[in-house]
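query.cif follows; it contains mmCIF, C-alpha atoms and all ligand atoms.
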```cif
data_upload
loop_
_atom_site.label_atom_id
_atom_site.label_comp_id
_atom_site.auth_asym_id
_atom_site.auth_seq_id
_atom_site.Cartn_x
_atom_site.Cartn_y
_atom_site.Cartn_z
CA MET Z 1 24.76 24.52 12.88
CA ALA Z 2 25.26 23.49 16.50
CA ASP Z 3 28.49 24.64 18.08
CA HIS Z 4 30.19 21.67 19.73
CA GLY Z 5 33.51 23.40 20.37
CA ALA Z 6 35.52 23.06 23.54
CA GLN Z 7 33.61 25.90 25.14
CA ALA Z 8 30.72 24.65 27.25
CA CYS Z 9 27.35 24.67 25.51
CA VAL Z 10 24.54 25.48 27.93
CA THR Z 11 21.22 23.79 27.20
CA PRO Z 12 17.80 24.80 28.56
CA ILE Z 13 18.00 21.79 30.91
CA ASP Z 14 21.47 22.77 32.18
CA VAL Z 15 19.94 26.02 33.36
CA LEU Z 16 17.74 24.09 35.80
CA ALA Z 17 20.90 22.69 37.46
CA THR Z 18 19.09 19.53 38.59
CA PRO Z 19 21.65 17.39 40.45
CA PRO Z 20 21.99 13.84 39.08
CA GLY Z 21 20.87 11.04 41.39
CA GLY Z 22 17.81 9.38 42.83
CA PRO Z 23 16.79 5.90 43.89
CA ARG Z 24 18.09 2.88 41.92
CA ASP Z 25 14.58 1.44 41.79
CA ALA Z 26 13.03 4.72 40.60
CA GLY Z 27 9.84 4.46 38.58
CA ILE Z 28 11.24 6.81 35.94
CA THR Z 29 14.71 7.83 34.82
CA ILE Z 30 15.15 11.13 33.04
CA ARG Z 31 18.09 12.66 31.22
CA GLU Z 32 18.70 15.18 28.51
CA ARG Z 33 20.20 13.85 25.29
CA ARG Z 34 22.33 16.94 24.90
CA LEU Z 35 23.18 18.67 21.64
CA LEU Z 36 21.76 16.11 19.23
CA GLY Z 37 21.70 17.06 15.56
CA LYS Z 38 18.27 17.51 13.95
CA LEU Z 39 17.69 17.79 10.23
CA LEU Z 40 14.35 18.51 8.60
CA LEU Z 41 13.85 16.77 5.25
CA ARG Z 42 11.20 17.61 2.68
CA GLY Z 43 10.55 15.51 -0.40
CA ASP Z 44 8.22 13.20 -2.27
CA PRO Z 45 8.63 9.66 -0.86
CA HIS Z 46 7.40 8.22 -4.17
CA ASP Z 47 10.17 9.99 -6.08
CA THR Z 48 12.88 7.37 -6.57
CA ASP Z 49 15.68 9.98 -6.75
CA PHE Z 50 14.69 11.40 -3.38
CA ASN Z 51 14.40 7.94 -1.87
CA ASP Z 52 17.75 6.84 -3.26
CA ILE Z 53 19.63 9.86 -1.95
CA VAL Z 54 18.12 9.50 1.53
CA GLN Z 55 18.84 5.78 1.46
CA ARG Z 56 22.44 6.38 0.42
CA THR Z 57 23.21 9.20 2.88
CA VAL Z 58 21.07 8.39 5.91
CA GLY Z 59 21.29 4.64 5.38
CA THR Z 60 17.56 4.01 5.33
CA ALA Z 61 14.62 5.19 3.25
CA PRO Z 62 12.24 7.65 4.94
CA PRO Z 63 9.28 5.84 6.53
CA ILE Z 64 6.07 6.47 4.58
CA THR Z 65 3.77 5.11 7.28
CA PRO Z 66 2.40 7.89 9.51
CA ASN Z 67 3.26 7.77 13.21
CA ARG Z 68 6.40 5.70 12.62
CA CYS Z 69 10.14 6.15 12.91
CA VAL Z 70 13.09 4.01 11.86
CA PHE Z 71 16.42 3.63 13.63
CA HIS Z 72 19.66 3.13 11.77
CA ASP Z 73 23.26 3.47 12.91
CA ALA Z 74 22.48 5.78 15.89
CA LEU Z 75 20.15 7.88 13.69
CA ALA Z 76 16.39 8.14 14.09
CA VAL Z 77 14.23 9.11 11.08
CA ILE Z 78 10.81 10.27 12.24
CA TRP Z 79 7.70 10.69 10.08
CA LEU Z 80 6.32 14.22 10.53
CA GLY Z 81 4.02 14.42 7.51
CA PRO Z 82 3.46 12.93 4.05
CA ASP Z 83 6.47 14.85 2.69
CA GLU Z 84 8.36 15.73 5.87
CA TRP Z 85 10.78 13.88 8.16
CA LEU Z 86 13.10 14.65 11.04
CA VAL Z 87 16.51 12.99 11.21
CA VAL Z 88 17.97 12.98 14.73
CA THR Z 89 21.71 12.40 14.84
CA PRO Z 90 24.40 12.03 17.50
CA PRO Z 91 26.09 15.36 18.35
CA GLY Z 92 28.21 16.66 15.50
CA ARG Z 93 27.04 14.28 12.80
CA GLU Z 94 24.44 16.68 11.40
CA ASP Z 95 26.93 18.82 9.44
CA GLY Z 96 28.28 16.03 7.26
CA LEU Z 97 24.84 14.56 6.74
CA LEU Z 98 23.39 17.95 5.83
CA ASP Z 99 26.11 18.50 3.22
CA ALA Z 100 25.60 15.04 1.71
CA LEU Z 101 21.81 15.44 1.51
CA ALA Z 102 22.03 18.97 0.11
CA ALA Z 103 24.58 17.84 -2.48
CA GLY Z 104 22.04 15.23 -3.56
CA GLY Z 105 19.41 17.92 -4.10
CA VAL Z 106 17.29 17.19 -1.04
CA ALA Z 107 15.51 20.10 0.67
CA VAL Z 108 17.15 19.84 4.08
CA THR Z 109 17.31 22.31 6.97
CA ASP Z 110 19.45 22.14 10.10
CA VAL Z 111 17.07 22.68 13.03
CA SER Z 112 19.42 21.30 15.71
CA ASP Z 113 19.36 24.30 18.01
CA GLN Z 114 15.61 24.83 17.91
CA SER Z 115 14.85 21.95 20.25
CA THR Z 116 16.30 19.43 22.66
CA VAL Z 117 15.52 15.80 23.44
CA ILE Z 118 14.57 14.42 26.85
CA ARG Z 119 14.94 10.65 27.37
CA LEU Z 120 12.27 9.32 29.73
CA SER Z 121 12.47 5.66 30.65
CA GLY Z 122 11.63 3.19 33.38
CA PRO Z 123 8.78 0.91 34.39
CA ARG Z 124 6.46 3.88 35.11
CA ALA Z 125 7.42 6.04 32.13
CA ARG Z 126 4.23 5.17 30.24
CA GLU Z 127 2.02 6.07 33.22
CA VAL Z 128 3.82 9.37 33.72
CA LEU Z 129 3.36 10.34 30.06
CA ALA Z 130 -0.28 9.29 30.16
CA GLN Z 131 -0.94 11.86 32.88
CA GLY Z 132 -0.38 14.65 30.40
CA CYS Z 133 -0.82 13.16 26.95
CA ALA Z 134 -4.03 12.13 25.17
CA LEU Z 135 -2.34 9.54 22.94
CA ASP Z 136 -3.10 5.87 23.52
CA LEU Z 137 0.32 4.71 24.72
CA HIS Z 138 -0.73 1.12 25.42
CA PRO Z 139 1.74 -1.27 23.72
CA ARG Z 140 -1.00 -2.53 21.39
CA SER Z 141 -1.09 0.93 19.75
CA PHE Z 142 2.25 2.53 20.65
CA SER Z 143 5.46 0.51 20.80
CA VAL Z 144 9.11 0.61 19.75
CA GLY Z 145 9.26 2.52 16.46
CA SER Z 146 6.02 4.39 17.08
CA ALA Z 147 6.24 8.16 16.83
CA ALA Z 148 3.78 11.01 17.20
CA GLN Z 149 3.54 14.76 17.34
CA SER Z 150 1.20 15.60 20.16
CA ARG Z 151 1.06 17.42 23.46
CA ILE Z 152 2.60 16.45 26.78
CA GLY Z 153 1.77 18.61 29.77
CA ARG Z 154 0.11 21.01 27.29
CA VAL Z 155 3.40 21.45 25.39
CA ARG Z 156 3.79 20.54 21.73
CA THR Z 157 6.13 17.53 21.71
CA THR Z 158 7.35 14.98 19.20
CA LEU Z 159 7.82 11.64 20.93
CA TRP Z 160 9.00 8.24 19.80
CA GLN Z 161 9.48 4.99 21.67
CA VAL Z 162 13.05 3.69 21.63
CA ASP Z 163 12.88 0.50 23.72
CA ASP Z 164 10.65 -1.71 25.84
CA ARG Z 165 11.81 -0.58 29.30
CA PRO Z 166 9.84 1.42 28.10
CA GLY Z 167 11.94 4.34 26.95
CA TYR Z 168 10.77 7.42 25.05
CA ASP Z 169 12.55 10.31 23.42
CA LEU Z 170 10.69 13.59 23.73
CA LEU Z 171 11.66 16.35 21.34
CA VAL Z 172 10.58 19.75 22.63
CA SER Z 173 11.43 23.28 21.59
CA CYS Z 174 14.12 24.89 23.74
CA SER Z 175 11.77 27.51 25.14
CA PHE Z 176 9.47 24.81 26.56
CA ALA Z 177 12.12 22.24 27.52
CA ALA Z 178 12.57 23.35 31.12
CA TRP Z 179 8.79 23.40 31.59
CA LEU Z 180 8.43 19.87 30.21
CA TRP Z 181 11.35 18.57 32.30
CA THR Z 182 9.85 20.09 35.44
CA TRP Z 183 6.41 18.76 34.56
CA LEU Z 184 7.80 15.23 34.04
CA THR Z 185 9.76 15.16 37.29
CA ASP Z 186 6.71 16.47 39.12
CA ALA Z 187 4.34 13.98 37.48
CA GLY Z 188 6.80 11.16 38.20
CA GLY Z 189 7.35 12.15 41.82
CA GLU Z 190 4.97 9.53 43.20
CA PHE Z 191 6.94 6.73 41.48
CA GLY Z 192 10.44 7.96 42.34
CA VAL Z 193 12.59 9.92 39.89
CA ARG Z 194 16.18 9.24 38.96
CA VAL Z 195 18.03 12.03 37.14
CA GLU Z 196 20.99 11.08 34.97
CA ALA Z 197 23.62 13.43 33.61
CA GLY Z 198 23.13 14.26 29.94
CA MET D 1 -13.78 17.08 23.84
CA LEU D 2 -13.83 16.00 20.21
CA LEU D 3 -11.88 13.06 18.87
CA ILE D 4 -10.85 14.18 15.39
CA ASP D 5 -9.68 11.62 12.86
CA CYS D 6 -6.74 13.32 11.11
CA PRO D 7 -6.49 11.87 7.57
CA TRP D 8 -2.77 11.28 8.19
CA CYS D 9 -2.26 10.70 11.91
CA GLY D 10 -5.55 9.05 12.88
CA PRO D 11 -7.79 9.92 15.85
CA ARG D 12 -6.40 12.69 18.06
CA ASP D 13 -7.62 14.99 20.82
CA ASP D 14 -9.15 18.22 19.50
CA ALA D 15 -6.58 20.24 21.49
CA GLU D 16 -4.05 19.31 18.78
CA PHE D 17 -6.13 21.01 16.07
CA HIS D 18 -6.94 24.51 14.95
CA TYR D 19 -10.28 25.47 13.49
CA GLY D 20 -9.95 27.28 10.16
CA GLY D 21 -13.45 28.64 9.57
CA GLU D 22 -16.04 27.85 6.94
CA ALA D 23 -14.84 25.81 3.96
CA HIS D 24 -15.52 26.47 0.26
CA THR D 25 -15.46 30.27 0.44
CA LEU D 26 -14.20 31.17 -3.03
CA ARG D 27 -12.45 34.51 -3.25
CA PRO D 28 -13.84 36.64 -6.10
CA ALA D 29 -11.43 36.71 -9.04
CA ASP D 30 -12.22 40.37 -9.75
CA PRO D 31 -13.18 41.96 -6.42
CA SER D 32 -13.55 45.44 -7.90
CA ALA D 33 -16.46 44.19 -10.01
CA LEU D 34 -18.43 43.62 -6.80
CA SER D 35 -20.41 46.27 -4.98
CA ASP D 36 -19.37 47.06 -1.40
CA GLU D 37 -22.43 45.18 -0.19
CA GLU D 38 -21.55 42.11 -2.24
CA PHE D 39 -17.95 42.12 -1.06
CA ALA D 40 -18.98 42.66 2.56
CA GLU D 41 -21.34 39.69 2.21
CA TYR D 42 -18.44 37.54 0.98
CA LEU D 43 -16.10 38.75 3.69
CA PHE D 44 -18.27 38.96 6.78
CA LEU D 45 -21.30 36.69 6.42
CA GLN D 46 -21.08 33.09 7.58
CA GLN D 47 -23.51 30.23 7.08
CA ASN D 48 -23.57 29.68 10.87
CA PRO D 49 -26.09 26.82 10.69
CA ARG D 50 -27.70 24.77 13.39
CA GLY D 51 -26.87 21.47 11.77
CA LEU D 52 -24.33 20.40 9.18
CA HIS D 53 -21.41 22.77 8.74
CA LEU D 54 -18.59 22.43 6.23
CA GLU D 55 -15.39 23.69 7.80
CA ARG D 56 -11.61 23.65 7.59
CA TRP D 57 -9.32 22.24 10.25
CA CYS D 58 -5.54 22.03 10.62
CA HIS D 59 -3.69 19.40 12.66
CA SER D 60 -1.51 22.18 14.00
CA ASP D 61 0.21 20.30 16.84
CA GLY D 62 0.65 17.20 14.67
CA CYS D 63 1.35 16.82 10.96
CA ARG D 64 0.27 20.46 10.27
CA ARG D 65 -1.91 19.38 7.33
CA TRP D 66 -5.25 21.01 6.48
CA PHE D 67 -8.43 19.09 5.76
CA ASN D 68 -12.18 19.64 5.51
CA MET D 69 -14.85 18.36 7.86
CA VAL D 70 -18.63 18.02 7.89
CA ARG D 71 -19.74 18.56 11.47
CA ASP D 72 -23.18 18.83 13.02
CA THR D 73 -23.04 21.98 15.13
CA ALA D 74 -25.97 20.82 17.26
CA THR D 75 -24.48 17.46 18.28
CA ASN D 76 -20.76 17.86 17.43
CA ARG D 77 -21.01 14.61 15.49
CA ILE D 78 -18.39 14.51 12.74
CA LEU D 79 -20.05 13.14 9.60
CA GLU D 80 -17.13 13.19 7.25
CA ILE D 81 -13.53 14.26 6.81
CA TYR D 82 -12.37 14.96 3.26
CA PRO D 83 -9.36 16.52 1.50
CA MET D 84 -8.83 20.20 0.79
CA GLY D 85 -9.97 21.17 -2.69
CA GLU D 86 -12.66 18.49 -2.83
CA LEU D 87 -16.37 18.37 -2.07
CA PRO D 88 -18.03 16.16 0.56
CA ARG D 89 -18.76 12.61 -0.55
CA SER D 90 -21.69 11.98 1.76
CA ARG D 91 -25.14 12.81 0.41
CA ALA D 92 -25.92 14.99 3.46
CA GLY D 93 -22.57 16.79 3.27
CA LEU D 94 -22.97 17.48 -0.44
CA ALA D 95 -26.51 18.79 0.15
CA ALA D 96 -25.16 21.16 2.82
CA TRP D 97 -22.63 22.44 0.29
CA ARG D 98 -25.27 22.87 -2.41
CA ASP D 99 -27.78 24.61 -0.14
CA ASN D 100 -25.27 27.15 1.18
CA TRP D 101 -26.25 30.75 0.26
CA ARG D 102 -22.72 31.28 -1.11
CA ARG D 103 -23.40 29.11 -4.15
CA ASN D 104 -25.51 31.95 -5.59
CA SER D 105 -23.56 34.84 -4.08
CA ALA D 106 -22.07 37.53 -6.30
CA ALA D 107 -18.58 36.70 -5.00
CA GLU D 108 -18.77 33.02 -5.90
CA LEU D 109 -20.38 33.63 -9.29
CA ASN D 110 -17.60 36.12 -9.98
CA ALA D 111 -14.97 33.54 -8.96
CA ARG D 112 -16.51 30.83 -11.11
CA ASN D 113 -17.12 32.97 -14.19
CA ARG D 114 -13.58 34.30 -14.12
CA GLY D 115 -12.13 30.82 -13.71
CA GLY D 116 -11.20 31.41 -10.05
ZN ZN K 201 -2.19 14.85 11.41
#
```

Represent the supplied structure as structure tokens.
Ligand SMILES: [Zn+2]
Amino acid sequence: MADHGAQACVTPIDVLATPPGGPRDAGITIRERRLLGKLLLRGDPHDTDFNDIVQRTVGTAPPITPNRCVFHDALAVIWLGPDEWLVVTPPGREDGLLDALAAGGVAVTDVSDQSTVIRLSGPRAREVLAQGCALDLHPRSFSVGSAAQSRIGRVRTTLWQVDDRPGYDLLVSCSFAAWLWTWLTDAGGEFGVRVEAG
Amino acid sequence: MLLIDCPWCGPRDDAEFHYGGEAHTLRPADPSALSDEEFAEYLFLQQNPRGLHLERWCHSDGCRRWFNMVRDTATNRILEIYPMGELPRSRAGLAAWRDNWRRNSAAELNARNRGG
């Protein structure tokens, strides 16, 4: 369970103390989506009970197509495997959702504090990612709603495209988050980098 | 670099995968019935062919699922990818399975006879 109390939570990106700012016409914009909730779901997508409970609590059935995610009411449900999904929630919403899913008998685990999410967007975001990722990110094969677990800058990352700016969310374990952030700002340096507060 | 076609995620860079050794190595059901030589053969000897090799892979940086592969060790050409617990479907892959010395090894006969 993430602690969102009044006391300041320090994330692995906070530790870098990167000051916000940068050119308005920067090629990439980067910010941490701080303290998001993350729930790991396991279940059989062809089991109607499982599907119904996820539909009722999350608001959408888990996607059965590999390399896809669905967005619903500020939640993202990401395909991780044939019986495994990640639900990413706004800060604080994971507790209620976890209780509702568990009450329905779903195998659900709160993994919120294991990782953080970096939002990378801007006209050069795709080119910056392509410098360190072997996925084909061309819009014909990777677009809004596409998701993948792969490597960026040699670090295991789950990424999904959120909009056509283009914008990507990069989920990375806390211990590698500062590395990935630094790698991205370095790789994006030639295009101009704008840092936004999380 | 190999481009490996994960049965779930599709073609991905080999850096995302882990090699899991030779496939279809049945553990003897009753190891104590084997001589030390027979057990050592099961444990330590590999087919190590120049040519078609049946091997296990895991998409460790992706969906984390295991699968089997028929790969030519001389050319790195991937002939076939097939599920865990099954045999190759290609004629050449099936022949490589059949011709493997393990099929007649004491360990595998022990596993089969004891319903392993
Ligand atoms: Zn995979």

By how many Å are CA of Val108 (chain Z) and CA of His46 (chain Z) apart?
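These two atoms are separated by 17.3 Å.
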
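Any residue of chain D with an atom no more than 12 Å from chain Z counts as a contact; using all atoms listed in the file, that gives Met1, Leu2, Leu3, Cys6, Pro7, Trp8, Cys9, Gly10, Pro11, Arg12, Asp13, Asp14, Ala15, Glu16, Phe17, His59, Ser60, Asp61, Gly62, Cys63, Arg64, Arg65 and Trp66 of chain D.
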
Compile the contact shell of Asn48 (chain D) as a short mmCIF file (atom, residue, chain, number, x, y, z; two decimals) with C-alpha atoms, in the coordinates of the input: residues with an atom at most 12 Å away, counting all atoms listed in the file, same-chain residues fewer than 6 positions apart removed.
```cif
data_model
loop_
_atom_site.label_atom_id
_atom_site.label_comp_id
_atom_site.auth_asym_id
_atom_site.auth_seq_id
_atom_site.Cartn_x
_atom_site.Cartn_y
_atom_site.Cartn_z
CA GLY D 21 -13.45 28.64 9.57
CA GLU D 22 -16.04 27.85 6.94
CA ALA D 23 -14.84 25.81 3.96
CA LEU D 54 -18.59 22.43 6.23
CA GLU D 55 -15.39 23.69 7.80
CA ARG D 71 -19.74 18.56 11.47
CA ASP D 72 -23.18 18.83 13.02
CA THR D 73 -23.04 21.98 15.13
CA ALA D 74 -25.97 20.82 17.26
CA ALA D 96 -25.16 21.16 2.82
CA ASN D 100 -25.27 27.15 1.18
CA TRP D 101 -26.25 30.75 0.26
#
```

Could you tell me how far CA of Lys38 (chain Z) sits from CA of Gly96 (chain Z), in Å to one decimal place?
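Taking CA of Gly96 (chain Z) as the start and CA of Lys38 (chain Z) as the end point, the length is 12.1 Å.
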
CA of Ile64 (chain Z) sits from CA of Leu171 (chain Z) at a separation of 20.2 Å

Is it possible to add all heavy atoms to region 7-18 of chain D and hand it back as a short mmCIF file (atom, residue, chain, number, x, y, z; two decimals), keeping the file's coordinate frame?
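Generated output (result_20.cif):
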```
data_model
loop_
_atom_site.label_atom_id
_atom_site.label_comp_id
_atom_site.auth_asym_id
_atom_site.auth_seq_id
_atom_site.Cartn_x
_atom_site.Cartn_y
_atom_site.Cartn_z
N PRO D 7 -6.66 12.79 8.71
CA PRO D 7 -6.49 11.87 7.57
C PRO D 7 -5.11 11.22 7.54
O PRO D 7 -4.94 10.16 6.95
CB PRO D 7 -6.68 12.77 6.35
CG PRO D 7 -7.26 14.03 6.83
CD PRO D 7 -6.96 14.16 8.29
N TRP D 8 -4.12 11.85 8.19
CA TRP D 8 -2.77 11.28 8.19
C TRP D 8 -2.46 10.56 9.49
O TRP D 8 -1.98 9.43 9.48
CB TRP D 8 -1.73 12.38 7.95
CG TRP D 8 -1.83 12.97 6.60
CD1 TRP D 8 -2.40 14.16 6.25
CD2 TRP D 8 -1.37 12.37 5.37
NE1 TRP D 8 -2.32 14.33 4.90
CE2 TRP D 8 -1.69 13.26 4.34
CE3 TRP D 8 -0.72 11.18 5.07
CZ2 TRP D 8 -1.39 12.99 3.00
CZ3 TRP D 8 -0.42 10.91 3.74
CH2 TRP D 8 -0.75 11.80 2.72
N CYS D 9 -2.73 11.21 10.62
CA CYS D 9 -2.26 10.70 11.91
C CYS D 9 -3.27 9.81 12.62
O CYS D 9 -2.93 9.14 13.59
CB CYS D 9 -1.90 11.86 12.83
SG CYS D 9 -0.72 12.99 12.11
N GLY D 10 -4.54 9.82 12.19
CA GLY D 10 -5.55 9.05 12.88
C GLY D 10 -6.19 9.85 13.99
O GLY D 10 -6.00 11.06 14.08
N PRO D 11 -7.01 9.19 14.84
CA PRO D 11 -7.79 9.92 15.85
C PRO D 11 -6.91 10.61 16.89
O PRO D 11 -6.02 9.98 17.46
CB PRO D 11 -8.65 8.82 16.49
CG PRO D 11 -8.06 7.53 16.08
CD PRO D 11 -7.27 7.75 14.84
N ARG D 12 -7.16 11.89 17.09
CA ARG D 12 -6.40 12.69 18.06
C ARG D 12 -7.34 13.63 18.80
O ARG D 12 -8.39 14.03 18.29
CB ARG D 12 -5.31 13.51 17.36
CG ARG D 12 -4.23 12.70 16.66
CD ARG D 12 -3.33 11.99 17.65
NE ARG D 12 -2.24 11.30 16.96
CZ ARG D 12 -1.05 11.85 16.72
NH1 ARG D 12 -0.79 13.07 17.11
NH2 ARG D 12 -0.13 11.16 16.09
N ASP D 13 -6.90 14.04 19.98
CA ASP D 13 -7.62 14.99 20.82
C ASP D 13 -7.77 16.34 20.09
O ASP D 13 -6.84 16.79 19.43
CB ASP D 13 -6.81 15.18 22.10
CG ASP D 13 -7.54 15.96 23.16
OD1 ASP D 13 -7.88 17.13 22.92
OD2 ASP D 13 -7.76 15.40 24.23
N ASP D 14 -8.92 16.97 20.23
CA ASP D 14 -9.15 18.22 19.50
C ASP D 14 -8.17 19.33 19.90
O ASP D 14 -7.99 20.30 19.15
CB ASP D 14 -10.60 18.69 19.60
CG ASP D 14 -11.00 19.14 20.99
OD1 ASP D 14 -10.13 19.32 21.84
OD2 ASP D 14 -12.21 19.32 21.23
N ALA D 15 -7.54 19.22 21.07
CA ALA D 15 -6.58 20.24 21.49
C ALA D 15 -5.40 20.34 20.53
O ALA D 15 -4.71 21.36 20.49
CB ALA D 15 -6.07 19.93 22.90
N GLU D 16 -5.17 19.29 19.73
CA GLU D 16 -4.05 19.31 18.78
C GLU D 16 -4.41 20.05 17.49
O GLU D 16 -3.55 20.22 16.63
CB GLU D 16 -3.65 17.87 18.40
CG GLU D 16 -3.09 17.07 19.56
CD GLU D 16 -2.64 15.68 19.13
OE1 GLU D 16 -2.50 15.42 17.92
OE2 GLU D 16 -2.43 14.84 20.02
N PHE D 17 -5.67 20.46 17.35
CA PHE D 17 -6.13 21.01 16.07
C PHE D 17 -6.48 22.49 16.19
O PHE D 17 -6.81 22.97 17.27
CB PHE D 17 -7.37 20.25 15.58
CG PHE D 17 -7.12 18.80 15.28
CD1 PHE D 17 -7.12 17.85 16.30
CD2 PHE D 17 -6.88 18.38 13.98
CE1 PHE D 17 -6.88 16.52 16.03
CE2 PHE D 17 -6.64 17.04 13.71
CZ PHE D 17 -6.65 16.10 14.73
N HIS D 18 -6.43 23.16 15.05
CA HIS D 18 -6.94 24.51 14.95
C HIS D 18 -8.10 24.54 13.97
O HIS D 18 -8.03 23.95 12.90
CB HIS D 18 -5.84 25.46 14.48
CG HIS D 18 -5.18 26.17 15.60
ND1 HIS D 18 -4.11 25.63 16.30
CD2 HIS D 18 -5.43 27.38 16.17
CE1 HIS D 18 -3.74 26.49 17.24
NE2 HIS D 18 -4.52 27.55 17.18
#
```
